[in-house]
$ cat upload04.txt   # compact mmCIF, C-alpha atoms and all ligand atoms
# COMPACT_ATOMS: atom_id res chain seq x y z
CA MET A 1376 -31.30 8.13 19.53
CA GLN A 1377 -34.05 5.62 19.20
CA GLY A 1378 -31.90 3.37 17.06
CA GLN A 1379 -34.48 1.62 14.91
CA ASN A 1380 -33.93 3.62 11.72
CA PRO A 1381 -30.91 3.19 9.50
CA VAL A 1382 -28.30 5.92 9.46
CA PHE A 1383 -27.43 7.76 6.26
CA ILE A 1384 -24.08 9.05 7.44
CA PRO A 1385 -21.03 7.95 5.48
CA GLY A 1386 -19.60 6.11 8.46
CA PRO A 1387 -19.92 4.61 10.87
CA THR A 1388 -22.37 2.66 8.73
CA ASN A 1389 -25.32 0.43 9.55
CA ILE A 1390 -24.29 -2.82 11.21
CA PRO A 1391 -26.26 -5.82 9.94
CA ASP A 1392 -27.64 -8.17 12.60
CA ARG A 1393 -25.34 -10.89 11.37
CA LEU A 1394 -22.32 -8.77 12.23
CA ARG A 1395 -23.71 -7.51 15.52
CA TYR A 1396 -24.15 -11.12 16.62
CA ALA A 1397 -20.70 -12.02 15.31
CA MET A 1398 -19.15 -9.29 17.45
CA SER A 1399 -21.01 -10.43 20.55
CA VAL A 1400 -18.42 -12.83 21.86
CA GLN A 1401 -16.88 -13.59 25.20
CA THR A 1402 -13.25 -12.66 25.63
CA VAL A 1403 -10.79 -15.19 24.35
CA ASP A 1404 -7.10 -15.16 25.14
CA HIS A 1405 -5.13 -13.51 22.37
CA ARG A 1406 -1.98 -15.15 23.69
CA ALA A 1407 -3.49 -18.60 23.35
CA PRO A 1408 -1.90 -20.83 20.72
CA ASP A 1409 -5.06 -20.97 18.59
CA PHE A 1410 -5.46 -17.17 18.25
CA VAL A 1411 -3.52 -17.63 15.03
CA ASP A 1412 -6.52 -19.48 13.58
CA LEU A 1413 -8.55 -16.28 13.85
CA LEU A 1414 -5.83 -13.82 12.88
CA THR A 1415 -4.05 -15.33 9.90
CA PRO A 1416 -7.07 -16.02 7.66
CA LEU A 1417 -8.28 -12.45 8.31
CA HIS A 1418 -5.13 -11.02 6.79
CA ALA A 1419 -5.30 -13.43 3.85
CA ASP A 1420 -8.90 -12.46 3.14
CA LEU A 1421 -8.25 -8.73 3.57
CA LYS A 1422 -5.63 -9.03 0.84
CA LYS A 1423 -8.36 -10.29 -1.48
CA VAL A 1424 -10.47 -7.22 -0.72
CA PHE A 1425 -7.51 -4.87 -1.21
CA LYS A 1426 -6.62 -6.89 -4.34
CA THR A 1427 -3.02 -7.40 -3.40
CA GLU A 1428 -1.04 -10.58 -3.74
CA THR A 1429 2.39 -9.05 -3.36
CA GLY A 1430 1.70 -6.72 -0.44
CA GLU A 1431 0.91 -7.23 3.23
CA VAL A 1432 -2.10 -6.13 5.23
CA VAL A 1433 -1.73 -4.99 8.83
CA THR A 1434 -4.44 -4.03 11.28
CA PHE A 1435 -4.34 -1.77 14.33
CA PRO A 1436 -6.83 -0.96 17.05
CA ALA A 1437 -7.71 2.54 15.77
CA SER A 1438 -10.08 4.41 13.51
CA GLY A 1439 -9.10 5.26 9.94
CA THR A 1440 -7.10 8.28 11.09
CA GLY A 1441 -4.78 5.91 12.92
CA GLY A 1442 -4.27 4.11 9.62
CA TRP A 1443 -3.12 7.38 8.02
CA GLU A 1444 -0.67 7.93 10.86
CA ALA A 1445 0.63 4.38 10.59
CA ALA A 1446 1.12 4.68 6.81
CA ILE A 1447 2.96 8.00 7.11
CA THR A 1448 5.14 7.39 10.17
CA ASN A 1449 6.34 3.98 9.06
CA THR A 1450 7.58 5.03 5.67
CA LEU A 1451 8.73 8.68 5.79
CA SER A 1452 11.34 10.80 7.57
CA PRO A 1453 11.15 14.32 9.03
CA GLY A 1454 11.35 16.94 6.28
CA ASP A 1455 10.43 14.51 3.49
CA LYS A 1456 8.54 16.14 0.67
CA VAL A 1457 4.98 14.98 0.11
CA LEU A 1458 2.76 15.92 -2.84
CA VAL A 1459 -0.97 16.11 -2.23
CA ALA A 1460 -4.06 17.87 -3.52
CA ARG A 1461 -6.65 19.40 -1.18
CA TYR A 1462 -10.23 19.03 -2.40
CA GLY A 1463 -12.23 18.30 0.72
CA MET A 1464 -12.19 17.85 4.46
CA PHE A 1465 -10.51 14.45 4.44
CA SER A 1466 -7.71 15.37 2.09
CA HIS A 1467 -7.34 18.48 4.28
CA ARG A 1468 -7.09 16.45 7.47
CA TRP A 1469 -4.52 14.11 5.94
CA ILE A 1470 -2.43 17.15 4.95
CA ASP A 1471 -2.73 18.44 8.51
CA LEU A 1472 -1.53 15.11 9.88
CA CYS A 1473 1.52 15.20 7.57
CA GLN A 1474 2.34 18.77 8.55
CA ARG A 1475 2.11 17.96 12.25
CA HIS A 1476 4.61 15.16 11.66
CA GLY A 1477 7.08 17.66 10.24
CA LEU A 1478 6.78 16.67 6.60
CA ASP A 1479 7.28 19.23 3.84
CA VAL A 1480 3.85 19.16 2.27
CA GLU A 1481 3.41 20.55 -1.22
CA ILE A 1482 -0.28 21.22 -1.67
CA ILE A 1483 -2.17 21.59 -4.92
CA GLU A 1484 -5.38 23.44 -4.11
CA ARG A 1485 -8.39 22.20 -6.03
CA PRO A 1486 -11.97 23.42 -5.90
CA TRP A 1487 -14.03 21.28 -3.56
CA GLY A 1488 -16.07 19.06 -5.87
CA GLU A 1489 -13.02 18.18 -7.97
CA GLY A 1490 -10.81 15.14 -7.48
CA ALA A 1491 -7.12 14.28 -7.53
CA PRO A 1492 -5.51 16.08 -10.51
CA ALA A 1493 -3.47 13.41 -12.29
CA GLU A 1494 -2.10 15.83 -14.91
CA LEU A 1495 -1.00 18.39 -12.34
CA PHE A 1496 0.66 15.61 -10.36
CA HIS A 1497 2.42 14.50 -13.55
CA ASP A 1498 3.75 17.97 -14.30
CA ARG A 1499 4.94 18.49 -10.76
CA LEU A 1500 6.62 15.07 -10.60
CA ALA A 1501 8.25 15.51 -14.02
CA ALA A 1502 9.70 18.82 -12.82
CA ASP A 1503 11.06 17.20 -9.66
CA ARG A 1504 14.39 16.32 -11.25
CA ASP A 1505 16.26 15.49 -8.05
CA ARG A 1506 13.40 13.25 -6.90
CA ALA A 1507 12.81 15.18 -3.68
CA ILE A 1508 9.17 14.13 -3.54
CA LYS A 1509 8.90 10.92 -1.55
CA ALA A 1510 5.15 10.46 -1.47
CA VAL A 1511 2.01 11.22 -3.43
CA LEU A 1512 -1.18 11.18 -1.36
CA VAL A 1513 -4.62 10.57 -2.83
CA THR A 1514 -7.95 10.50 -1.06
CA HIS A 1515 -9.72 7.95 -3.26
CA ASN A 1516 -13.21 8.86 -2.15
CA GLU A 1517 -13.48 12.36 -0.66
CA THR A 1518 -16.29 11.78 1.81
CA ALA A 1519 -16.90 15.50 2.36
CA THR A 1520 -17.85 16.18 -1.25
CA GLY A 1521 -18.86 12.76 -2.58
CA VAL A 1522 -16.02 12.74 -5.09
CA LYS A 1523 -14.23 9.64 -6.34
CA SER A 1524 -10.76 10.14 -7.77
CA ASP A 1525 -9.11 8.08 -10.47
CA VAL A 1526 -6.24 6.35 -8.67
CA ALA A 1527 -5.20 4.42 -11.78
CA ALA A 1528 -4.76 7.75 -13.59
CA VAL A 1529 -2.51 9.02 -10.78
CA ARG A 1530 -0.43 5.85 -11.09
CA ARG A 1531 -0.16 6.37 -14.87
CA ALA A 1532 0.91 9.97 -14.26
CA MET A 1533 3.61 8.88 -11.82
CA ASP A 1534 4.86 6.24 -14.25
CA ALA A 1535 4.79 8.67 -17.18
CA ALA A 1536 6.96 11.02 -15.13
CA GLY A 1537 9.21 8.07 -14.28
CA HIS A 1538 8.98 9.14 -10.65
CA PRO A 1539 9.80 6.71 -7.82
CA ALA A 1540 7.63 8.33 -5.10
CA LEU A 1541 5.38 6.04 -3.07
CA LEU A 1542 1.64 6.23 -3.71
CA TYR A 1543 -0.55 6.51 -0.60
CA VAL A 1544 -4.29 6.09 -0.92
CA ASP A 1545 -6.95 6.89 1.64
CA GLY A 1546 -9.55 4.27 0.83
CA VAL A 1547 -11.50 4.64 4.05
CA SER A 1548 -14.85 5.28 2.38
CA SER A 1549 -14.17 3.24 -0.78
CA ILE A 1550 -12.46 -0.05 0.05
CA ALA A 1551 -14.99 -2.92 0.23
CA SER A 1552 -17.67 -0.70 -1.36
CA MET A 1553 -16.11 0.55 -4.58
CA ASP A 1554 -13.60 -0.92 -7.02
CA PHE A 1555 -10.12 -0.83 -5.50
CA ARG A 1556 -7.02 -2.55 -6.91
CA MET A 1557 -3.91 -2.18 -4.82
CA ASP A 1558 -1.49 -4.16 -6.99
CA GLU A 1559 -2.87 -3.16 -10.38
CA TRP A 1560 -2.88 0.54 -9.47
CA GLY A 1561 0.55 0.33 -7.86
CA VAL A 1562 -0.68 1.57 -4.52
CA ASP A 1563 2.02 1.40 -1.86
CA LEU A 1564 -0.05 2.25 1.19
CA ALA A 1565 -3.82 1.81 1.30
CA VAL A 1566 -5.82 2.79 4.36
CA THR A 1567 -9.28 1.91 5.56
CA GLY A 1568 -11.23 1.32 8.76
CA SER A 1569 -13.68 -1.25 10.07
CA GLN A 1570 -16.71 1.04 10.31
CA LYS A 1571 -17.41 1.88 6.68
CA GLY A 1572 -17.46 -0.70 3.87
CA PHE A 1573 -16.87 -3.52 6.33
CA MET A 1574 -20.08 -2.58 8.20
CA LEU A 1575 -18.52 -3.13 11.64
CA ALA A 1576 -18.07 -1.16 14.83
CA THR A 1577 -15.32 1.47 14.76
CA GLY A 1578 -12.02 0.33 16.14
CA MET A 1579 -9.81 -1.27 13.53
CA ALA A 1580 -7.56 0.52 11.07
CA ILE A 1581 -6.58 -1.66 8.13
CA VAL A 1582 -3.51 -0.80 6.07
CA GLY A 1583 -2.25 -2.41 2.89
CA VAL A 1584 1.53 -2.18 2.51
CA SER A 1585 3.44 -2.90 -0.69
CA GLN A 1586 6.89 -4.46 -0.82
CA LYS A 1587 8.26 -1.07 -1.89
CA ALA A 1588 6.68 0.49 1.20
CA LEU A 1589 8.22 -2.25 3.37
CA GLU A 1590 11.60 -1.30 1.95
CA ALA A 1591 10.97 2.37 2.71
CA MET A 1592 10.05 1.33 6.25
CA LEU A 1593 13.62 0.17 6.88
CA SER A 1594 15.09 3.66 6.50
CA ALA A 1595 12.11 5.80 7.58
CA ARG A 1596 12.87 7.97 10.62
CA LEU A 1597 9.55 9.41 11.73
CA HIS A 1598 8.78 8.30 15.28
CA ARG A 1599 6.38 5.45 15.73
CA THR A 1600 5.82 3.09 18.59
CA TYR A 1601 2.22 1.95 18.87
CA PHE A 1602 1.80 1.95 15.07
CA ASP A 1603 5.16 0.39 14.26
CA PHE A 1604 4.73 -1.95 11.29
CA ARG A 1605 7.84 -3.86 12.36
CA ASP A 1606 6.39 -4.86 15.74
CA MET A 1607 3.09 -5.72 14.11
CA LEU A 1608 4.57 -7.78 11.29
CA THR A 1609 6.89 -9.63 13.65
CA ALA A 1610 4.04 -10.47 16.00
CA ASN A 1611 1.72 -11.40 13.12
CA ALA A 1612 4.33 -13.75 11.68
CA ARG A 1613 4.24 -15.59 15.01
CA GLY A 1614 0.46 -15.69 14.86
CA GLY A 1615 -0.03 -12.94 17.42
CA TYR A 1616 -0.47 -9.25 18.06
CA PRO A 1617 2.06 -6.99 19.82
CA TYR A 1618 -0.63 -5.83 22.28
CA THR A 1619 -4.30 -6.42 22.92
CA PRO A 1620 -6.17 -6.80 19.63
CA PRO A 1621 -9.71 -5.51 19.01
CA LEU A 1622 -11.01 -9.02 19.44
CA GLN A 1623 -14.73 -8.44 18.97
CA ILE A 1624 -14.08 -6.57 15.75
CA MET A 1625 -11.91 -9.41 14.53
CA TYR A 1626 -14.77 -11.84 15.00
CA GLY A 1627 -17.01 -9.37 13.23
CA LEU A 1628 -14.50 -8.97 10.43
CA ARG A 1629 -14.39 -12.71 9.88
CA GLU A 1630 -18.13 -12.65 9.29
CA SER A 1631 -18.03 -9.41 7.30
CA LEU A 1632 -15.49 -10.88 4.88
CA LYS A 1633 -17.71 -13.93 4.55
CA MET A 1634 -20.66 -11.69 3.67
CA LEU A 1635 -18.65 -9.74 1.11
CA PHE A 1636 -17.38 -12.90 -0.57
CA GLU A 1637 -20.81 -14.55 -0.50
CA GLU A 1638 -22.27 -11.59 -2.37
CA GLY A 1639 -19.15 -11.29 -4.51
CA LEU A 1640 -17.04 -8.14 -4.54
CA ASP A 1641 -18.17 -7.18 -8.03
CA ASN A 1642 -21.80 -7.52 -6.95
CA VAL A 1643 -21.08 -5.44 -3.86
CA PHE A 1644 -19.68 -2.68 -6.07
CA ALA A 1645 -22.61 -2.98 -8.50
CA ARG A 1646 -25.09 -2.74 -5.62
CA HIS A 1647 -23.41 0.44 -4.39
CA ARG A 1648 -23.46 1.85 -7.91
CA ARG A 1649 -27.14 1.09 -8.37
CA ILE A 1650 -28.16 2.53 -5.01
CA ALA A 1651 -26.07 5.63 -5.70
CA GLU A 1652 -27.64 6.10 -9.14
CA GLY A 1653 -31.08 6.07 -7.50
CA VAL A 1654 -29.97 8.68 -4.97
CA ARG A 1655 -28.61 10.84 -7.77
CA ALA A 1656 -31.89 10.50 -9.64
CA ALA A 1657 -33.64 11.77 -6.51
CA VAL A 1658 -31.28 14.74 -6.28
CA ARG A 1659 -32.16 15.63 -9.88
CA GLY A 1660 -35.83 15.12 -9.05
CA TRP A 1661 -35.52 17.74 -6.32
CA GLY A 1662 -33.78 20.09 -8.73
CA LEU A 1663 -30.71 20.17 -6.48
CA GLN A 1664 -27.02 19.93 -7.34
CA LEU A 1665 -24.34 17.52 -6.23
CA CYS A 1666 -21.03 18.91 -5.00
CA ALA A 1667 -19.20 16.55 -7.37
CA VAL A 1668 -18.77 18.57 -10.53
CA ARG A 1669 -18.74 15.83 -13.19
CA PRO A 1670 -20.40 12.41 -13.52
CA GLU A 1671 -17.09 10.54 -13.62
CA LEU A 1672 -16.36 11.96 -10.16
CA TYR A 1673 -19.62 10.78 -8.61
CA SER A 1674 -19.05 8.63 -5.56
CA ASP A 1675 -21.04 5.45 -5.14
CA THR A 1676 -20.78 5.57 -1.35
CA VAL A 1677 -21.78 9.11 -0.43
CA SER A 1678 -23.61 11.96 -2.15
CA ALA A 1679 -23.04 15.55 -1.04
CA VAL A 1680 -25.94 17.75 -2.08
CA PHE A 1681 -26.01 21.55 -2.15
CA THR A 1682 -29.02 23.11 -0.50
CA PRO A 1683 -30.70 25.97 -2.39
CA ALA A 1684 -29.39 29.49 -1.71
CA GLY A 1685 -30.61 30.74 1.65
CA PHE A 1686 -31.19 27.27 3.12
CA ASP A 1687 -28.81 26.15 5.87
CA SER A 1688 -27.90 22.48 5.44
CA ASN A 1689 -27.14 22.13 9.15
CA ARG A 1690 -30.70 23.09 9.98
CA LEU A 1691 -31.90 20.43 7.59
CA THR A 1692 -29.81 17.63 9.09
CA ASP A 1693 -30.74 18.80 12.62
CA HIS A 1694 -34.40 18.75 11.70
CA ALA A 1695 -34.25 15.32 10.04
CA TYR A 1696 -32.72 14.03 13.24
CA SER A 1697 -35.00 15.71 15.74
CA ALA A 1698 -38.26 15.28 13.82
CA TYR A 1699 -37.73 11.89 12.17
CA ASP A 1700 -34.86 10.31 14.06
CA VAL A 1701 -32.79 9.83 10.95
CA SER A 1702 -29.16 10.92 10.63
CA PHE A 1703 -27.63 12.39 7.50
CA GLY A 1704 -24.11 13.72 7.07
CA VAL A 1705 -23.57 17.39 7.81
CA GLY A 1706 -21.62 19.66 5.49
CA LEU A 1707 -17.94 19.64 6.44
CA GLY A 1708 -15.39 22.43 6.07
CA GLU A 1709 -16.19 24.59 3.05
CA MET A 1710 -19.46 22.70 2.71
CA ALA A 1711 -20.67 23.53 6.23
CA GLY A 1712 -24.15 24.99 6.00
CA ARG A 1713 -24.13 24.64 2.20
CA ALA A 1714 -24.48 20.91 1.63
CA PHE A 1715 -25.81 17.83 3.36
CA ARG A 1716 -24.60 14.33 2.70
CA ILE A 1717 -26.41 11.08 2.14
CA GLY A 1718 -24.24 8.14 3.09
CA HIS A 1719 -25.20 5.04 1.11
CA LEU A 1720 -22.45 2.56 1.79
CA GLY A 1721 -22.08 -0.70 3.58
CA ALA A 1722 -25.20 -2.60 4.59
CA MET A 1723 -27.54 -0.68 2.31
CA THR A 1724 -30.37 -1.73 0.02
CA ASP A 1725 -32.50 0.15 -2.49
CA VAL A 1726 -35.43 -0.06 -0.05
CA MET A 1727 -33.37 1.43 2.76
CA ALA A 1728 -32.18 4.18 0.44
CA LEU A 1729 -35.79 5.02 -0.42
CA SER A 1730 -36.61 5.47 3.26
CA GLY A 1731 -33.74 7.92 3.61
CA LEU A 1732 -34.76 9.83 0.50
CA ALA A 1733 -38.37 9.99 1.68
CA THR A 1734 -37.23 11.26 5.08
CA ILE A 1735 -34.93 14.01 3.86
CA GLU A 1736 -37.68 14.99 1.44
CA MET A 1737 -40.12 15.42 4.34
CA ALA A 1738 -37.53 17.41 6.26
CA MET A 1739 -36.94 19.69 3.27
CA LYS A 1740 -40.68 20.20 2.82
CA ASP A 1741 -41.08 21.05 6.53
CA LEU A 1742 -38.44 23.75 6.18
CA GLY A 1743 -39.99 25.29 3.09
CA TYR A 1744 -37.60 24.03 0.45
CA PRO A 1745 -38.96 24.60 -3.06
CA ILE A 1746 -39.50 20.91 -3.75
CA GLU A 1747 -42.47 18.71 -4.51
CA LEU A 1748 -43.10 15.95 -1.99
CA GLY A 1749 -42.34 12.71 -3.79
CA ALA A 1750 -40.30 14.23 -6.60
CA GLY A 1751 -37.02 12.72 -5.48
CA VAL A 1752 -38.50 9.50 -4.19
CA ALA A 1753 -40.39 8.88 -7.44
CA ALA A 1754 -37.26 9.44 -9.51
CA ALA A 1755 -35.38 6.93 -7.37
CA GLN A 1756 -38.29 4.48 -7.49
CA ASP A 1757 -38.34 4.69 -11.26
CA TYR A 1758 -34.64 4.03 -11.41
CA TYR A 1759 -34.81 1.10 -9.00
CA ARG A 1760 -37.82 -0.40 -10.80
CA SER A 1761 -36.18 -0.05 -14.18
CA THR A 1762 -33.00 -1.75 -13.03
CA LYS A 1763 -34.60 -4.68 -11.23
CA ALA A 1764 -35.95 -7.78 -12.96
CA ILE A 1765 -39.68 -7.07 -12.73
CA PRO A 1766 -42.53 -9.16 -14.13
CA GLN A 1767 -44.39 -8.00 -17.21
CA LYS A 1768 -47.43 -5.86 -16.59
CA GLU A 1769 -50.57 -7.91 -16.27
CA ALA A 1770 -53.11 -7.50 -19.05
CA ALA A 1771 -55.80 -4.99 -18.20
C1 LIG A 1801 -14.11 8.27 7.64
C2 LIG A 1801 -12.92 8.70 6.85
C3 LIG A 1801 -11.63 8.79 7.40
C4 LIG A 1801 -11.22 8.40 8.77
O1 LIG A 1801 -12.02 8.70 9.77
P1 LIG A 1801 -11.98 7.97 11.17
O2 LIG A 1801 -13.07 8.67 11.86
O3 LIG A 1801 -10.65 8.20 11.78
O4 LIG A 1801 -12.23 6.51 10.92
C5 LIG A 1801 -10.59 9.15 6.57
N1 LIG A 1801 -10.79 9.39 5.30
C6 LIG A 1801 -11.99 9.29 4.71
C7 LIG A 1801 -12.10 9.54 3.25
C8 LIG A 1801 -13.10 8.95 5.47
O5 LIG A 1801 -14.29 8.84 4.89
$ encode --input "upload04.txt" --output "structure tokens"
Amino acid sequence: MQGQNPVFIPGPTNIPDRLRYAMSVQTVDHRAPDFVDLLTPLHADLKKVFKTETGEVVTFPASGTGGWEAAITNTLSPGDKVLVARYGMFSHRWIDLCQRHGLDVEIIERPWGEGAPAELFHDRLAADRDRAIKAVLVTHNETATGVKSDVAAVRRAMDAAGHPALLYVDGVSSIASMDFRMDEWGVDLAVTGSQKGFMLATGMAIVGVSQKALEAMLSARLHRTYFDFRDMLTANARGGYPYTPPLQIMYGLRESLKMLFEEGLDNVFARHRRIAEGVRAAVRGWGLQLCAVRPELYSDTVSAVFTPAGFDSNRLTDHAYSAYDVSFGVGLGEMAGRAFRIGHLGAMTDVMALSGLATIEMAMKDLGYPIELGAGVAAAQDYYRSTKAIPQKEAA
């Protein structure tokens, strides 16, 4: 763990110096009257990132998983029916969380590499005549397979079925890196964490809550104490927190939001897209396959890449780490041993991406993969050159 090289895991992500410095602060008193000056603008700016004007944003000291738990326990009751598709490790873990809370989870199994099935959701919701389904859960960006789902299409499917269920979206590896529109897509609960698109240390779960979700909160009966929206909203309204806030992360978040707005959210998304396209060009250059089965599913924050038959992806990521001190994502769940992941979200540039591609290429060559050294890197270089304003060739 030498710590000089960037990481290529899809979270926690690389922390830019600017944010490391911003988080390096002495303790301040969160019960002091001016704590509100830190807290309130954070929530206002988070709403801009979530693209909600009508909803609220609450934060908790937790990782993203805590955000899932907060979203679920504040708005649902034991035995409530929940509709969800399983297409990767994160959608699987969200299902597990719901089941452990005693919800009645109806699961649509999808091949890993596919995304949320809007049409299947529509058919199931249309058939739910007595409106037993209370929630539809979507993992926007399935980090295990590098698959982005079409949340707007799920909303259209719910509306076409005329179904009143709440829409829950795991945006942990998409929000602040990929296009996300809470109000426009009619998302009722949107979850993320500080350590992915926001480029910060782990420790803050961020949850967008619609007015409809706030209404559901009033009658929801699942137990919650630490994650109770009511305590949090009451305290926030008074400019405070119901318990000790993750202060250093809040200072970091203030700076992170500044960085995102300075670059411009659309430019942030375009940068992620461009970097991801270069990574995908490299994957083609190696002659390897992405787990995501169709281009419209390709994630701009993480690429999951199948290793050739007979090559163990865990050995590859182990070797990249031990030989070159660079971390890549391991294959999770069904992808264990079969795929490795390149995280390319947060504080990432084309030049950083090239270093990761060059490194995994060396690691593959060391282990006897049937690839040409440079094949992936050159493909990415070509893509990055062709999409950057470059001067005309000088006359020979
Ligand atoms: C990282 C991640 C999570 C949450 O993980 P934590 O480790 O609890 O922050 C949830 N969903 C997705 C899609 C993720 O990428």
$ atom_distance --input "upload04.txt" --atom1 "CA of Asn1516 (chain A)" --atom2 "atom C6 of ligand LIG 1801 (chain A)"
7.0 Å
$ atom_distance --input "upload04.txt" --atom1 "CA of Gly1439 (chain A)" --atom2 "CA of Pro1391 (chain A)"
20.4 Å
$ residues_near_ligand --input "upload04.txt" --ligand "ligand LIG 1801 (chain A)" --cutoff "9 Å" --atoms "all atoms listed in the file" --output "compact mmCIF listing (two decimals) with C-alpha atoms, in the coordinates of the input"
# COMPACT_ATOMS: atom_id res chain seq x y z
CA PRO A 1385 -21.03 7.95 5.48
CA GLY A 1386 -19.60 6.11 8.46
CA PRO A 1387 -19.92 4.61 10.87
CA ALA A 1437 -7.71 2.54 15.77
CA SER A 1438 -10.08 4.41 13.51
CA GLY A 1439 -9.10 5.26 9.94
CA THR A 1440 -7.10 8.28 11.09
CA GLY A 1441 -4.78 5.91 12.92
CA GLY A 1442 -4.27 4.11 9.62
CA TRP A 1443 -3.12 7.38 8.02
CA MET A 1464 -12.19 17.85 4.46
CA PHE A 1465 -10.51 14.45 4.44
CA SER A 1466 -7.71 15.37 2.09
CA ARG A 1468 -7.09 16.45 7.47
CA TRP A 1469 -4.52 14.11 5.94
CA THR A 1514 -7.95 10.50 -1.06
CA HIS A 1515 -9.72 7.95 -3.26
CA ASN A 1516 -13.21 8.86 -2.15
CA GLU A 1517 -13.48 12.36 -0.66
CA THR A 1518 -16.29 11.78 1.81
CA ALA A 1519 -16.90 15.50 2.36
CA ASP A 1545 -6.95 6.89 1.64
CA GLY A 1546 -9.55 4.27 0.83
CA VAL A 1547 -11.50 4.64 4.05
CA SER A 1548 -14.85 5.28 2.38
CA SER A 1549 -14.17 3.24 -0.78
CA VAL A 1566 -5.82 2.79 4.36
CA THR A 1567 -9.28 1.91 5.56
CA GLY A 1568 -11.23 1.32 8.76
CA SER A 1569 -13.68 -1.25 10.07
CA GLN A 1570 -16.71 1.04 10.31
CA LYS A 1571 -17.41 1.88 6.68
CA THR A 1577 -15.32 1.47 14.76
CA GLY A 1578 -12.02 0.33 16.14
CA MET A 1579 -9.81 -1.27 13.53
CA ALA A 1580 -7.56 0.52 11.07
$ residues_around --input "upload04.txt" --residues "Val1654 (chain A)" --least-positions-apart "2" --cutoff "10 Å" --atoms "all atoms listed in the file" --output "VMD selection string"
chain A and resid 1648 to 1652 1656 to 1660 1675 1677 to 1678 1717 to 1719 1725 1728 to 1729 1731 to 1732 1751 to 1752 1754 to 1756 1758 to 1759
$ residues_around --input "upload04.txt" --residues "Ile1447 (chain A)" --least-positions-apart "3" --cutoff "12 Å" --atoms "all atoms listed in the file" --output "ChimeraX atom specification"
/A:1440-1444,1450-1453,1455-1457,1469-1478,1509-1512,1541-1545,1563-1566,1582,1584,1588,1591-1592,1595-1599,1602-1604
$ closest_atom_pairs --input "upload04.txt" --of "region 1465-1580 of chain A" --to "region 1410-1428 of chain A" --cutoff "8 Å" --atoms "only C-alpha atoms" --output "tab-separated table"
residue	atom	partner	partner_atom	distance
A:Ile1550	CA	A:Phe1425	CA	7.0
A:Ala1551	CA	A:Val1424	CA	6.3
A:Phe1555	CA	A:Phe1425	CA	6.4
A:Arg1556	CA	A:Lys1426	CA	5.1
A:Met1557	CA	A:Lys1426	CA	5.5
A:Asp1558	CA	A:Thr1427	CA	5.1
$ residues_around --input "upload04.txt" --residues "Leu1628 (chain A)" --least-positions-apart "6" --cutoff "9 Å" --atoms "only C-alpha atoms" --output "count of residues only"
8
$ closest_atom_pairs --input "upload04.txt" --of "region 1376-1450 of chain A" --to "region 1606-1609 of chain A" --cutoff "10 Å" --atoms "only C-alpha atoms" --output "Markdown table"
| residue | atom | partner | partner_atom | distance |
| --- | --- | --- | --- | --- |
| A:Glu1431 | CA | A:Leu1608 | CA | 8.9 |
| A:Val1432 | CA | A:Leu1608 | CA | 9.2 |
| A:Val1433 | CA | A:Met1607 | CA | 7.2 |
| A:Thr1434 | CA | A:Met1607 | CA | 8.2 |
| A:Phe1435 | CA | A:Met1607 | CA | 8.4 |
$ closest_residue --input "upload04.txt" --among "A:Val1562, A:Ala1667, A:Val1680, A:Ala1753" --to "Gly1430 (chain A)" --atoms "all atoms listed in the file"
A:Val1562
$ closest_residue --input "upload04.txt" --among "A:Asn1449, A:Val1705, A:Asp1534, A:Gly1639" --to "Glu1590 (chain A)" --atoms "all atoms listed in the file"
A:Asn1449
$ residues_near_point --input "upload04.txt" --point "(-4.5, -14.5, 21.8)" --cutoff "10 Å" --atoms "all atoms listed in the file" --output "PyMOL selection string"
chain A and resi 1402-1414+1614-1616+1618-1620+1622
$ closest_residue --input "upload04.txt" --among "A:Ala1502, A:Leu1495, A:Glu1489, A:Leu1458" --to "Ala1540 (chain A)" --atoms "all atoms listed in the file"
A:Leu1458
$ closest_residue --input "upload04.txt" --among "A:Asp1687, A:Lys1763, A:Met1723, A:Trp1661" --to "Gly1749 (chain A)" --atoms "all atoms listed in the file"
A:Trp1661
$ atom_distance --input "upload04.txt" --atom1 "CA of Ser1730 (chain A)" --atom2 "CA of Leu1632 (chain A)"
26.8 Å
$ closest_residue --input "upload04.txt" --among "A:His1467, A:Arg1646, A:Arg1393, A:His1538" --to "Asp1505 (chain A)" --atoms "only C-alpha atoms"
A:His1538
$ closest_residue --input "upload04.txt" --among "A:Ile1482, A:Ala1491, A:Leu1589, A:Val1522" --to "Pro1670 (chain A)" --atoms "all atoms listed in the file"
A:Val1522
$ decode --input "upload04.txt" --residues "region 1717-1733 of chain A" --atoms "C-alpha atoms" --output "JSON list (two decimals), in the first residue's frame"
[["chain", "number", "residue", "atom", "x", "y", "z"],
["A", 1717, "ILE", "CA", -11.81, -0.89, -13.96],
["A", 1718, "GLY", "CA", -13.24, 1.92, -11.88],
["A", 1719, "HIS", "CA", -13.05, 5.23, -13.72],
["A", 1720, "LEU", "CA", -15.15, 7.60, -11.69],
["A", 1721, "GLY", "CA", -14.59, 10.63, -9.57],
["A", 1722, "ALA", "CA", -11.25, 12.40, -9.75],
["A", 1723, "MET", "CA", -10.15, 10.78, -13.00],
["A", 1724, "THR", "CA", -8.49, 12.10, -16.14],
["A", 1725, "ASP", "CA", -7.69, 10.53, -19.49],
["A", 1726, "VAL", "CA", -4.01, 10.46, -18.50],
["A", 1727, "MET", "CA", -4.77, 8.65, -15.26],
["A", 1728, "ALA", "CA", -6.95, 6.18, -17.15],
["A", 1729, "LEU", "CA", -4.07, 5.46, -19.54],
["A", 1730, "SER", "CA", -1.82, 4.58, -16.60],
["A", 1731, "GLY", "CA", -4.39, 2.10, -15.36],
["A", 1732, "LEU", "CA", -4.85, 0.57, -18.79],
["A", 1733, "ALA", "CA", -1.08, 0.28, -19.25]]
